[in-house]
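J.: Let me give you the structure first, and then I'll get to my questions.
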Amino acid sequence: MSRLDDDYANAGFNKSLGFGAAPVLLVVDFVMAYLEPDSPLYAGVEKELSVNERLVAAARTAGVPVIWTNVEYEPGGADGGHFYRKIGALTVFDRGSPLGAFPPTLQPEPGERVVTKQYPSAFFDTGLADALREMGADCCVITGLTTSGCVRASALDALQNGFIPLVVPDACGDRHQGVHDANIFDLQAKYADLLTVDEAEVYFSRLSD
């Protein structure tokens, strides 16, 4: 354990939240804007795409609900507020843009909920928290893009809405590895537990036993 880890642990951070009995897999904004090299939001997350394909398949096999998020704005961003003004690249999510589409290998199936949002958190002004409560869910296994933005915001809001956030770092990505690592460190210290891909698969499989 590093000196930094020791400092956080001695201060009472990094405690474990454990596992919920009724999780959902929340796939945050894994869309073409981050996969298309010509996109201003391209993040080089092809490896993370394959990890998400694996986890979605495991969740479906185990009967764990898969919930997807994407981003869409009225052309010009009238529904995007200051967030749309702050990040010029968000124009790639104007309605009708192909960059807002899910990749061919990572698509929602009929009956799976797709949450369309305008702000970073999957929970902000979307009705997701109420929908999860109606489902009886108590935990969100969170993957997607980007770690420092919508993944972090969604994990924090999951916690604040009473759901255990479990983040899978290898299934999340960002524009720079250092940014990803710093946010993963902070999420684990304060807001969420971390799962490896293998741990997430075992978690799902045990629910179907």
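Ordered as shown in the structure tokens, chains take letters A, B, and onward, while each chain numbers its residues from 1 and ligands are numbered from 1 in the order shown.
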Hey, could you make a per-residue contact list for region 47-124 of chain A against region 5-27 of chain A with 9 Å as the cut-off, showing the nearest pair of atoms and its distance in Å to one decimal, counting only C-alpha atoms, sorted by chain and number, as a tab-separated table?
T.:
```
residue	atom	partner	partner_atom	distance
A:Asn52	CA	A:Val27	CA	7.9
A:Leu55	CA	A:Leu25	CA	8.3
A:Val56	CA	A:Leu25	CA	7.6
A:Ala59	CA	A:Leu25	CA	7.0
A:Val64	CA	A:Val24	CA	5.8
A:Pro65	CA	A:Val24	CA	5.0
A:Val66	CA	A:Leu25	CA	4.8
A:Ile67	CA	A:Leu26	CA	4.9
A:Trp68	CA	A:Val27	CA	4.9
A:Thr69	CA	A:Val27	CA	6.4
A:Ala122	CA	A:Leu26	CA	8.9
```
J.: Given only C-alpha atoms as the basis, pick out the residue of A:Tyr203, A:Tyr42, A:Tyr119, A:Phe185 nearest to Tyr84 (chain A).
T.: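 Looking only at the distances to Tyr84 (chain A), the closest residue turns out to be A:Tyr119.
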J.: Pick out each residue of region 96-201 of chain A that DSSP on the backbone tags as strand (DSSP E or B); I need them as a list in words.
T.: Val114, Val115, Thr116, Lys117, Cys139, Cys140, Val141, Ile142, Thr143, Gly144, Leu145, Ile164, Pro165, Leu166, Val167, Val168, Pro169, Asp170, Ala171, Cys172, Gly173, Asp193 and Leu194 of chain A
J.: Write the selection just made, keeping N, CA, C and O atoms, as a PDB file, in the first residue's frame?
T.:
```pdb
ATOM      1  N   VAL A 114     -33.490   2.897 -22.145  1.00  0.00           N
ATOM      2  CA  VAL A 114     -32.498   3.870 -22.602  1.00  0.00           C
ATOM      3  C   VAL A 114     -32.872   5.222 -22.002  1.00  0.00           C
ATOM      4  O   VAL A 114     -33.977   5.722 -22.222  1.00  0.00           O
ATOM      5  N   VAL A 115     -31.956   5.790 -21.236  1.00  0.00           N
ATOM      6  CA  VAL A 115     -32.163   7.082 -20.581  1.00  0.00           C
ATOM      7  C   VAL A 115     -31.438   8.146 -21.400  1.00  0.00           C
ATOM      8  O   VAL A 115     -30.207   8.121 -21.502  1.00  0.00           O
ATOM      9  N   THR A 116     -32.186   9.043 -21.987  1.00  0.00           N
ATOM     10  CA  THR A 116     -31.591  10.134 -22.757  1.00  0.00           C
ATOM     11  C   THR A 116     -31.475  11.357 -21.862  1.00  0.00           C
ATOM     12  O   THR A 116     -32.457  11.792 -21.258  1.00  0.00           O
ATOM     13  N   LYS A 117     -30.269  11.889 -21.783  1.00  0.00           N
ATOM     14  CA  LYS A 117     -30.001  12.958 -20.825  1.00  0.00           C
ATOM     15  C   LYS A 117     -29.328  14.140 -21.511  1.00  0.00           C
ATOM     16  O   LYS A 117     -28.840  14.028 -22.645  1.00  0.00           O
ATOM     17  N   CYS A 139     -28.693  -1.354  -6.331  1.00  0.00           N
ATOM     18  CA  CYS A 139     -27.266  -1.263  -6.648  1.00  0.00           C
ATOM     19  C   CYS A 139     -27.091  -0.979  -8.136  1.00  0.00           C
ATOM     20  O   CYS A 139     -27.835  -1.519  -8.967  1.00  0.00           O
ATOM     21  N   CYS A 140     -26.111  -0.159  -8.480  1.00  0.00           N
ATOM     22  CA  CYS A 140     -25.782   0.118  -9.877  1.00  0.00           C
ATOM     23  C   CYS A 140     -24.335  -0.285 -10.135  1.00  0.00           C
ATOM     24  O   CYS A 140     -23.415   0.286  -9.529  1.00  0.00           O
ATOM     25  N   VAL A 141     -24.135  -1.254 -11.010  1.00  0.00           N
ATOM     26  CA  VAL A 141     -22.804  -1.556 -11.530  1.00  0.00           C
ATOM     27  C   VAL A 141     -22.605  -0.624 -12.715  1.00  0.00           C
ATOM     28  O   VAL A 141     -23.339  -0.685 -13.701  1.00  0.00           O
ATOM     29  N   ILE A 142     -21.605   0.244 -12.629  1.00  0.00           N
ATOM     30  CA  ILE A 142     -21.493   1.365 -13.556  1.00  0.00           C
ATOM     31  C   ILE A 142     -20.275   1.203 -14.454  1.00  0.00           C
ATOM     32  O   ILE A 142     -19.161   0.969 -13.992  1.00  0.00           O
ATOM     33  N   THR A 143     -20.518   1.358 -15.763  1.00  0.00           N
ATOM     34  CA  THR A 143     -19.460   1.350 -16.765  1.00  0.00           C
ATOM     35  C   THR A 143     -19.679   2.541 -17.689  1.00  0.00           C
ATOM     36  O   THR A 143     -20.703   3.211 -17.621  1.00  0.00           O
ATOM     37  N   GLY A 144     -18.723   2.788 -18.584  1.00  0.00           N
ATOM     38  CA  GLY A 144     -18.981   3.752 -19.628  1.00  0.00           C
ATOM     39  C   GLY A 144     -18.003   4.907 -19.693  1.00  0.00           C
ATOM     40  O   GLY A 144     -16.853   4.811 -19.273  1.00  0.00           O
ATOM     41  N   LEU A 145     -18.522   6.038 -20.202  1.00  0.00           N
ATOM     42  CA  LEU A 145     -17.684   7.159 -20.592  1.00  0.00           C
ATOM     43  C   LEU A 145     -18.323   8.481 -20.149  1.00  0.00           C
ATOM     44  O   LEU A 145     -19.537   8.583 -20.135  1.00  0.00           O
ATOM     45  N   ILE A 164     -26.242   1.551  -4.140  1.00  0.00           N
ATOM     46  CA  ILE A 164     -24.812   1.251  -4.003  1.00  0.00           C
ATOM     47  C   ILE A 164     -24.153   1.388  -5.371  1.00  0.00           C
ATOM     48  O   ILE A 164     -24.546   0.697  -6.318  1.00  0.00           O
ATOM     49  N   PRO A 165     -23.151   2.274  -5.510  1.00  0.00           N
ATOM     50  CA  PRO A 165     -22.458   2.372  -6.790  1.00  0.00           C
ATOM     51  C   PRO A 165     -21.214   1.469  -6.812  1.00  0.00           C
ATOM     52  O   PRO A 165     -20.337   1.585  -5.953  1.00  0.00           O
ATOM     53  N   LEU A 166     -21.175   0.576  -7.793  1.00  0.00           N
ATOM     54  CA  LEU A 166     -20.031  -0.296  -8.010  1.00  0.00           C
ATOM     55  C   LEU A 166     -19.469   0.015  -9.398  1.00  0.00           C
ATOM     56  O   LEU A 166     -20.116  -0.252 -10.411  1.00  0.00           O
ATOM     57  N   VAL A 167     -18.293   0.600  -9.445  1.00  0.00           N
ATOM     58  CA  VAL A 167     -17.691   1.041 -10.704  1.00  0.00           C
ATOM     59  C   VAL A 167     -16.669   0.016 -11.171  1.00  0.00           C
ATOM     60  O   VAL A 167     -15.866  -0.484 -10.373  1.00  0.00           O
ATOM     61  N   VAL A 168     -16.695  -0.293 -12.464  1.00  0.00           N
ATOM     62  CA  VAL A 168     -15.746  -1.239 -13.071  1.00  0.00           C
ATOM     63  C   VAL A 168     -14.717  -0.420 -13.848  1.00  0.00           C
ATOM     64  O   VAL A 168     -14.978  -0.005 -14.989  1.00  0.00           O
ATOM     65  N   PRO A 169     -13.538  -0.164 -13.292  1.00  0.00           N
ATOM     66  CA  PRO A 169     -12.587   0.745 -13.936  1.00  0.00           C
ATOM     67  C   PRO A 169     -12.192   0.340 -15.349  1.00  0.00           C
ATOM     68  O   PRO A 169     -12.052   1.206 -16.228  1.00  0.00           O
ATOM     69  N   ASP A 170     -11.985  -0.953 -15.587  1.00  0.00           N
ATOM     70  CA  ASP A 170     -11.558  -1.387 -16.915  1.00  0.00           C
ATOM     71  C   ASP A 170     -12.663  -1.260 -17.962  1.00  0.00           C
ATOM     72  O   ASP A 170     -12.401  -1.405 -19.158  1.00  0.00           O
ATOM     73  N   ALA A 171     -13.888  -1.004 -17.511  1.00  0.00           N
ATOM     74  CA  ALA A 171     -15.005  -0.795 -18.435  1.00  0.00           C
ATOM     75  C   ALA A 171     -15.341   0.677 -18.581  1.00  0.00           C
ATOM     76  O   ALA A 171     -16.346   1.026 -19.194  1.00  0.00           O
ATOM     77  N   CYS A 172     -14.499   1.544 -18.018  1.00  0.00           N
ATOM     78  CA  CYS A 172     -14.673   2.993 -18.112  1.00  0.00           C
ATOM     79  C   CYS A 172     -13.449   3.584 -18.810  1.00  0.00           C
ATOM     80  O   CYS A 172     -12.356   3.026 -18.744  1.00  0.00           O
ATOM     81  N   GLY A 173     -13.638   4.712 -19.466  1.00  0.00           N
ATOM     82  CA  GLY A 173     -12.509   5.316 -20.163  1.00  0.00           C
ATOM     83  C   GLY A 173     -12.588   6.822 -20.156  1.00  0.00           C
ATOM     84  O   GLY A 173     -13.633   7.414 -19.874  1.00  0.00           O
ATOM     85  N   ASP A 193     -17.585   1.625  -4.602  1.00  0.00           N
ATOM     86  CA  ASP A 193     -16.668   0.496  -4.568  1.00  0.00           C
ATOM     87  C   ASP A 193     -16.245   0.179  -6.000  1.00  0.00           C
ATOM     88  O   ASP A 193     -16.955   0.496  -6.960  1.00  0.00           O
ATOM     89  N   LEU A 194     -15.090  -0.452  -6.133  1.00  0.00           N
ATOM     90  CA  LEU A 194     -14.580  -0.830  -7.440  1.00  0.00           C
ATOM     91  C   LEU A 194     -14.667  -2.341  -7.619  1.00  0.00           C
ATOM     92  O   LEU A 194     -14.462  -3.098  -6.669  1.00  0.00           O
TER      93      LEU A 194
END
```
J.: Tell me which protein, DNA and RNA residues are within 12 Å of Ala153 (chain A), counting only C-alpha atoms, leaving out same-chain ones fewer than 4 positions away, and put them as a tab-separated table (two decimals) with all heavy atoms, in the first residue's frame.
T.:
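Resulting contents of out22.tsv:
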```tsv
chain	number	residue	atom	x	y	z
A	28	VAL	N	-23.00	3.89	-19.28
A	28	VAL	CA	-23.12	5.34	-19.42
A	28	VAL	C	-22.48	5.83	-20.73
A	28	VAL	O	-21.26	5.70	-20.93
A	28	VAL	CB	-22.45	6.05	-18.22
A	28	VAL	CG1	-22.50	7.56	-18.39
A	28	VAL	CG2	-23.12	5.63	-16.91
A	119	TYR	N	-27.36	16.31	-19.24
A	119	TYR	CA	-26.34	16.70	-18.28
A	119	TYR	C	-25.52	15.48	-17.87
A	119	TYR	O	-25.85	14.35	-18.25
A	119	TYR	CB	-27.00	17.37	-17.07
A	119	TYR	CG	-27.56	18.74	-17.42
A	119	TYR	CD1	-28.86	18.88	-17.89
A	119	TYR	CD2	-26.76	19.87	-17.32
A	119	TYR	CE1	-29.37	20.12	-18.23
A	119	TYR	CE2	-27.26	21.12	-17.66
A	119	TYR	CZ	-28.56	21.24	-18.12
A	119	TYR	OH	-29.04	22.48	-18.47
A	120	PRO	N	-24.44	15.66	-17.13
A	120	PRO	CA	-23.54	14.53	-16.88
A	120	PRO	C	-24.17	13.33	-16.18
A	120	PRO	O	-23.93	12.19	-16.56
A	120	PRO	CB	-22.42	15.15	-16.02
A	120	PRO	CG	-22.39	16.58	-16.43
A	120	PRO	CD	-23.83	16.94	-16.68
A	121	SER	N	-24.95	13.56	-15.14
A	121	SER	CA	-25.48	12.44	-14.36
A	121	SER	C	-26.64	11.74	-15.06
A	121	SER	O	-27.54	12.39	-15.61
A	121	SER	CB	-25.95	12.93	-12.99
A	121	SER	OG	-26.65	11.91	-12.31
A	122	ALA	N	-26.62	10.42	-14.99
A	122	ALA	CA	-27.74	9.63	-15.51
A	122	ALA	C	-29.01	9.86	-14.71
A	122	ALA	O	-30.11	9.52	-15.18
A	122	ALA	CB	-27.37	8.14	-15.47
A	123	PHE	N	-28.88	10.44	-13.53
A	123	PHE	CA	-30.03	10.63	-12.63
A	123	PHE	C	-30.65	12.01	-12.72
A	123	PHE	O	-31.81	12.19	-12.34
A	123	PHE	CB	-29.59	10.37	-11.18
A	123	PHE	CG	-29.27	8.94	-10.89
A	123	PHE	CD1	-28.00	8.44	-11.15
A	123	PHE	CD2	-30.23	8.08	-10.36
A	123	PHE	CE1	-27.70	7.11	-10.88
A	123	PHE	CE2	-29.93	6.75	-10.10
A	123	PHE	CZ	-28.66	6.27	-10.36
A	124	PHE	N	-29.91	12.99	-13.23
A	124	PHE	CA	-30.40	14.37	-13.16
A	124	PHE	C	-31.54	14.60	-14.15
A	124	PHE	O	-31.36	14.53	-15.37
A	124	PHE	CB	-29.27	15.37	-13.43
A	124	PHE	CG	-29.72	16.80	-13.37
A	124	PHE	CD1	-29.97	17.41	-12.15
A	124	PHE	CD2	-29.94	17.52	-14.52
A	124	PHE	CE1	-30.40	18.71	-12.08
A	124	PHE	CE2	-30.37	18.84	-14.48
A	124	PHE	CZ	-30.61	19.43	-13.24
A	142	ILE	N	-21.60	0.24	-12.63
A	142	ILE	CA	-21.49	1.36	-13.56
A	142	ILE	C	-20.28	1.20	-14.45
A	142	ILE	O	-19.16	0.97	-13.99
A	142	ILE	CB	-21.42	2.69	-12.79
A	142	ILE	CG1	-22.67	2.86	-11.91
A	142	ILE	CG2	-21.29	3.88	-13.75
A	142	ILE	CD1	-22.61	4.05	-10.97
A	144	GLY	N	-18.72	2.79	-18.58
A	144	GLY	CA	-18.98	3.75	-19.63
A	144	GLY	C	-18.00	4.91	-19.69
A	144	GLY	O	-16.85	4.81	-19.27
A	145	LEU	N	-18.52	6.04	-20.20
A	145	LEU	CA	-17.68	7.16	-20.59
A	145	LEU	C	-18.32	8.48	-20.15
A	145	LEU	O	-19.54	8.58	-20.13
A	145	LEU	CB	-17.53	7.17	-22.12
A	145	LEU	CG	-17.04	5.84	-22.73
A	145	LEU	CD1	-17.18	5.88	-24.24
A	145	LEU	CD2	-15.62	5.53	-22.30
A	146	THR	N	-17.49	9.46	-19.81
A	146	THR	CA	-16.10	9.28	-19.48
A	146	THR	C	-15.97	9.20	-17.96
A	146	THR	O	-16.83	9.67	-17.23
A	146	THR	CB	-15.23	10.46	-19.99
A	146	THR	OG1	-15.70	11.68	-19.39
A	146	THR	CG2	-15.26	10.55	-21.50
A	147	THR	N	-14.86	8.66	-17.52
A	147	THR	CA	-14.67	8.42	-16.09
A	147	THR	C	-14.79	9.71	-15.29
A	147	THR	O	-15.45	9.75	-14.24
A	147	THR	CB	-13.29	7.80	-15.84
A	147	THR	OG1	-13.07	6.74	-16.77
A	147	THR	CG2	-13.18	7.27	-14.43
A	148	SER	N	-14.16	10.78	-15.79
A	148	SER	CA	-14.13	12.04	-15.05
A	148	SER	C	-15.41	12.84	-15.19
A	148	SER	O	-15.62	13.81	-14.45
A	148	SER	CB	-12.96	12.89	-15.54
A	148	SER	OG	-13.12	13.21	-16.92
A	149	GLY	N	-16.26	12.46	-16.13
A	149	GLY	CA	-17.46	13.22	-16.39
A	149	GLY	C	-18.72	12.49	-16.00
A	149	GLY	O	-19.13	12.48	-14.84
A	157	ASP	N	-24.41	10.42	-7.98
A	157	ASP	CA	-25.85	10.54	-7.83
A	157	ASP	C	-26.51	9.21	-7.48
A	157	ASP	O	-27.56	9.19	-6.81
A	157	ASP	CB	-26.47	11.12	-9.10
A	157	ASP	CG	-26.55	12.64	-9.06
A	157	ASP	OD1	-26.07	13.22	-8.07
A	157	ASP	OD2	-27.09	13.23	-10.01
A	158	ALA	N	-25.94	8.10	-7.91
A	158	ALA	CA	-26.45	6.81	-7.46
A	158	ALA	C	-26.37	6.73	-5.94
A	158	ALA	O	-27.33	6.36	-5.26
A	158	ALA	CB	-25.67	5.67	-8.11
A	159	LEU	N	-25.21	7.09	-5.42
A	159	LEU	CA	-25.01	7.09	-3.96
A	159	LEU	C	-26.01	8.02	-3.28
A	159	LEU	O	-26.65	7.64	-2.28
A	159	LEU	CB	-23.58	7.54	-3.67
A	159	LEU	CG	-23.18	7.63	-2.20
A	159	LEU	CD1	-22.94	6.25	-1.63
A	159	LEU	CD2	-21.94	8.50	-2.04
A	160	GLN	N	-26.17	9.21	-3.81
A	160	GLN	CA	-27.03	10.21	-3.17
A	160	GLN	C	-28.51	9.86	-3.28
A	160	GLN	O	-29.32	10.36	-2.50
A	160	GLN	CB	-26.76	11.59	-3.80
A	160	GLN	CG	-25.37	12.10	-3.45
A	160	GLN	CD	-25.02	13.41	-4.12
A	160	GLN	OE1	-24.19	14.16	-3.59
A	160	GLN	NE2	-25.60	13.71	-5.26
A	165	PRO	N	-23.15	2.27	-5.51
A	165	PRO	CA	-22.46	2.37	-6.79
A	165	PRO	C	-21.21	1.47	-6.81
A	165	PRO	O	-20.34	1.59	-5.95
A	165	PRO	CB	-22.06	3.85	-6.87
A	165	PRO	CG	-22.18	4.39	-5.50
A	165	PRO	CD	-22.76	3.35	-4.59
A	167	VAL	N	-18.29	0.60	-9.45
A	167	VAL	CA	-17.69	1.04	-10.70
A	167	VAL	C	-16.67	0.02	-11.17
A	167	VAL	O	-15.87	-0.48	-10.37
A	167	VAL	CB	-17.03	2.43	-10.53
A	167	VAL	CG1	-16.31	2.86	-11.80
A	167	VAL	CG2	-18.08	3.47	-10.13
A	183	ASN	N	-9.63	9.96	-11.06
A	183	ASN	CA	-11.05	9.91	-10.73
A	183	ASN	C	-11.45	8.56	-10.14
A	183	ASN	O	-12.30	8.50	-9.25
A	183	ASN	CB	-11.88	10.25	-11.96
A	183	ASN	CG	-11.97	11.74	-12.17
A	183	ASN	OD1	-12.82	12.41	-11.61
A	183	ASN	ND2	-11.04	12.28	-12.97
A	187	LEU	N	-13.22	8.16	-6.59
A	187	LEU	CA	-14.49	7.43	-6.47
A	187	LEU	C	-14.40	6.36	-5.40
A	187	LEU	O	-15.29	6.23	-4.55
A	187	LEU	CB	-14.88	6.82	-7.82
A	187	LEU	CG	-15.49	7.78	-8.84
A	187	LEU	CD1	-15.51	7.13	-10.22
A	187	LEU	CD2	-16.90	8.18	-8.41
A	191	TYR	N	-16.94	7.57	-2.71
A	191	TYR	CA	-18.30	7.46	-3.22
A	191	TYR	C	-18.72	6.08	-3.69
A	191	TYR	O	-19.93	5.82	-3.82
A	191	TYR	CB	-18.49	8.43	-4.39
A	191	TYR	CG	-18.07	9.84	-4.11
A	191	TYR	CD1	-17.09	10.46	-4.86
A	191	TYR	CD2	-18.66	10.57	-3.07
A	191	TYR	CE1	-16.69	11.76	-4.60
A	191	TYR	CE2	-18.26	11.87	-2.79
A	191	TYR	CZ	-17.28	12.47	-3.56
A	191	TYR	OH	-16.89	13.75	-3.30
A	192	ALA	N	-17.80	5.20	-4.03
A	192	ALA	CA	-18.17	3.95	-4.70
A	192	ALA	C	-17.18	2.85	-4.33
A	192	ALA	O	-16.10	3.11	-3.81
A	192	ALA	CB	-18.16	4.15	-6.23
```
J.: Check region 22-192 of chain A with DSSP on the backbone and list each residue it calls helix (DSSP H, G or I), as a PDB file with C-alpha atoms, in the first residue's frame.
T.:
```pdb
ATOM      1  CA  MET A  32     -19.761   6.713 -31.329  1.00  0.00           C
ATOM      2  CA  ALA A  33     -18.605  10.204 -30.350  1.00  0.00           C
ATOM      3  CA  TYR A  34     -15.871   8.556 -28.272  1.00  0.00           C
ATOM      4  CA  GLU A  46     -11.794   0.457 -28.166  1.00  0.00           C
ATOM      5  CA  LYS A  47     -10.483  -1.828 -25.422  1.00  0.00           C
ATOM      6  CA  GLU A  48     -13.140  -0.585 -23.018  1.00  0.00           C
ATOM      7  CA  LEU A  49     -15.763  -1.273 -25.689  1.00  0.00           C
ATOM      8  CA  SER A  50     -14.853  -4.967 -25.679  1.00  0.00           C
ATOM      9  CA  VAL A  51     -15.049  -5.050 -21.876  1.00  0.00           C
ATOM     10  CA  ASN A  52     -18.535  -3.546 -21.997  1.00  0.00           C
ATOM     11  CA  GLU A  53     -19.620  -6.108 -24.579  1.00  0.00           C
ATOM     12  CA  ARG A  54     -18.471  -8.819 -22.174  1.00  0.00           C
ATOM     13  CA  LEU A  55     -20.276  -7.347 -19.155  1.00  0.00           C
ATOM     14  CA  VAL A  56     -23.512  -6.698 -21.025  1.00  0.00           C
ATOM     15  CA  ALA A  57     -23.528 -10.319 -22.172  1.00  0.00           C
ATOM     16  CA  ALA A  58     -22.901 -11.519 -18.607  1.00  0.00           C
ATOM     17  CA  ALA A  59     -25.681  -9.332 -17.223  1.00  0.00           C
ATOM     18  CA  ARG A  60     -28.186 -10.539 -19.788  1.00  0.00           C
ATOM     19  CA  THR A  61     -27.284 -14.159 -19.156  1.00  0.00           C
ATOM     20  CA  ALA A  62     -27.843 -13.656 -15.421  1.00  0.00           C
ATOM     21  CA  GLY A  81     -28.049  25.108 -20.525  1.00  0.00           C
ATOM     22  CA  HIS A  82     -24.646  26.215 -19.305  1.00  0.00           C
ATOM     23  CA  PHE A  83     -23.207  22.714 -19.737  1.00  0.00           C
ATOM     24  CA  TYR A  84     -23.751  22.928 -23.496  1.00  0.00           C
ATOM     25  CA  ARG A  85     -22.168  26.393 -23.514  1.00  0.00           C
ATOM     26  CA  LYS A  86     -19.198  25.227 -21.434  1.00  0.00           C
ATOM     27  CA  GLY A  88     -18.291  23.228 -27.378  1.00  0.00           C
ATOM     28  CA  ALA A  89     -17.839  19.608 -28.445  1.00  0.00           C
ATOM     29  CA  LEU A  90     -21.309  18.751 -27.135  1.00  0.00           C
ATOM     30  CA  THR A  91     -22.675  19.876 -30.492  1.00  0.00           C
ATOM     31  CA  VAL A  92     -21.849  16.334 -31.660  1.00  0.00           C
ATOM     32  CA  PHE A  93     -24.925  15.268 -29.683  1.00  0.00           C
ATOM     33  CA  PRO A  98     -24.514   9.825 -36.013  1.00  0.00           C
ATOM     34  CA  LEU A  99     -21.985  10.403 -33.240  1.00  0.00           C
ATOM     35  CA  GLY A 100     -24.747  10.056 -30.679  1.00  0.00           C
ATOM     36  CA  LEU A 128     -34.005   7.108 -13.349  1.00  0.00           C
ATOM     37  CA  ALA A 129     -34.018   6.957  -9.537  1.00  0.00           C
ATOM     38  CA  ASP A 130     -37.781   6.439  -9.434  1.00  0.00           C
ATOM     39  CA  ALA A 131     -37.563   3.817 -12.172  1.00  0.00           C
ATOM     40  CA  LEU A 132     -34.911   1.882 -10.240  1.00  0.00           C
ATOM     41  CA  ARG A 133     -36.997   1.975  -7.090  1.00  0.00           C
ATOM     42  CA  GLU A 134     -40.001   0.678  -8.993  1.00  0.00           C
ATOM     43  CA  MET A 135     -37.814  -2.194 -10.246  1.00  0.00           C
ATOM     44  CA  THR A 147     -14.668   8.425 -16.090  1.00  0.00           C
ATOM     45  CA  SER A 148     -14.134  12.037 -15.051  1.00  0.00           C
ATOM     46  CA  GLY A 149     -17.463  13.224 -16.395  1.00  0.00           C
ATOM     47  CA  CYS A 150     -20.668  11.262 -16.746  1.00  0.00           C
ATOM     48  CA  VAL A 151     -19.440   8.092 -14.993  1.00  0.00           C
ATOM     49  CA  ARG A 152     -18.313  10.036 -11.950  1.00  0.00           C
ATOM     50  CA  ALA A 153     -21.471  12.155 -11.866  1.00  0.00           C
ATOM     51  CA  SER A 154     -23.695   9.091 -12.219  1.00  0.00           C
ATOM     52  CA  ALA A 155     -21.860   7.183  -9.487  1.00  0.00           C
ATOM     53  CA  LEU A 156     -22.154  10.136  -7.109  1.00  0.00           C
ATOM     54  CA  ASP A 157     -25.855  10.538  -7.826  1.00  0.00           C
ATOM     55  CA  ALA A 158     -26.451   6.805  -7.464  1.00  0.00           C
ATOM     56  CA  LEU A 159     -25.009   7.095  -3.965  1.00  0.00           C
ATOM     57  CA  GLN A 160     -27.029  10.211  -3.171  1.00  0.00           C
ATOM     58  CA  GLN A 177      -5.105   7.684 -18.444  1.00  0.00           C
ATOM     59  CA  GLY A 178      -3.992  10.013 -15.656  1.00  0.00           C
ATOM     60  CA  VAL A 179      -7.409  11.660 -15.543  1.00  0.00           C
ATOM     61  CA  HIS A 180      -9.076   8.241 -15.458  1.00  0.00           C
ATOM     62  CA  ASP A 181      -6.804   7.024 -12.668  1.00  0.00           C
ATOM     63  CA  ALA A 182      -7.278  10.121 -10.520  1.00  0.00           C
ATOM     64  CA  ASN A 183     -11.051   9.908 -10.735  1.00  0.00           C
ATOM     65  CA  ILE A 184     -11.110   6.172 -10.040  1.00  0.00           C
ATOM     66  CA  PHE A 185      -8.973   6.811  -6.951  1.00  0.00           C
ATOM     67  CA  ASP A 186     -11.364   9.489  -5.733  1.00  0.00           C
ATOM     68  CA  LEU A 187     -14.485   7.432  -6.470  1.00  0.00           C
ATOM     69  CA  GLN A 188     -13.184   4.527  -4.421  1.00  0.00           C
ATOM     70  CA  ALA A 189     -12.064   6.753  -1.569  1.00  0.00           C
ATOM     71  CA  LYS A 190     -15.359   8.596  -1.154  1.00  0.00           C
TER      72      LYS A 190
END
```
J.: Would you mind reading off the distance between CA of His176 (chain A) and CA of Gly44 (chain A), one decimal, in Å?
T.: 9.2 Å
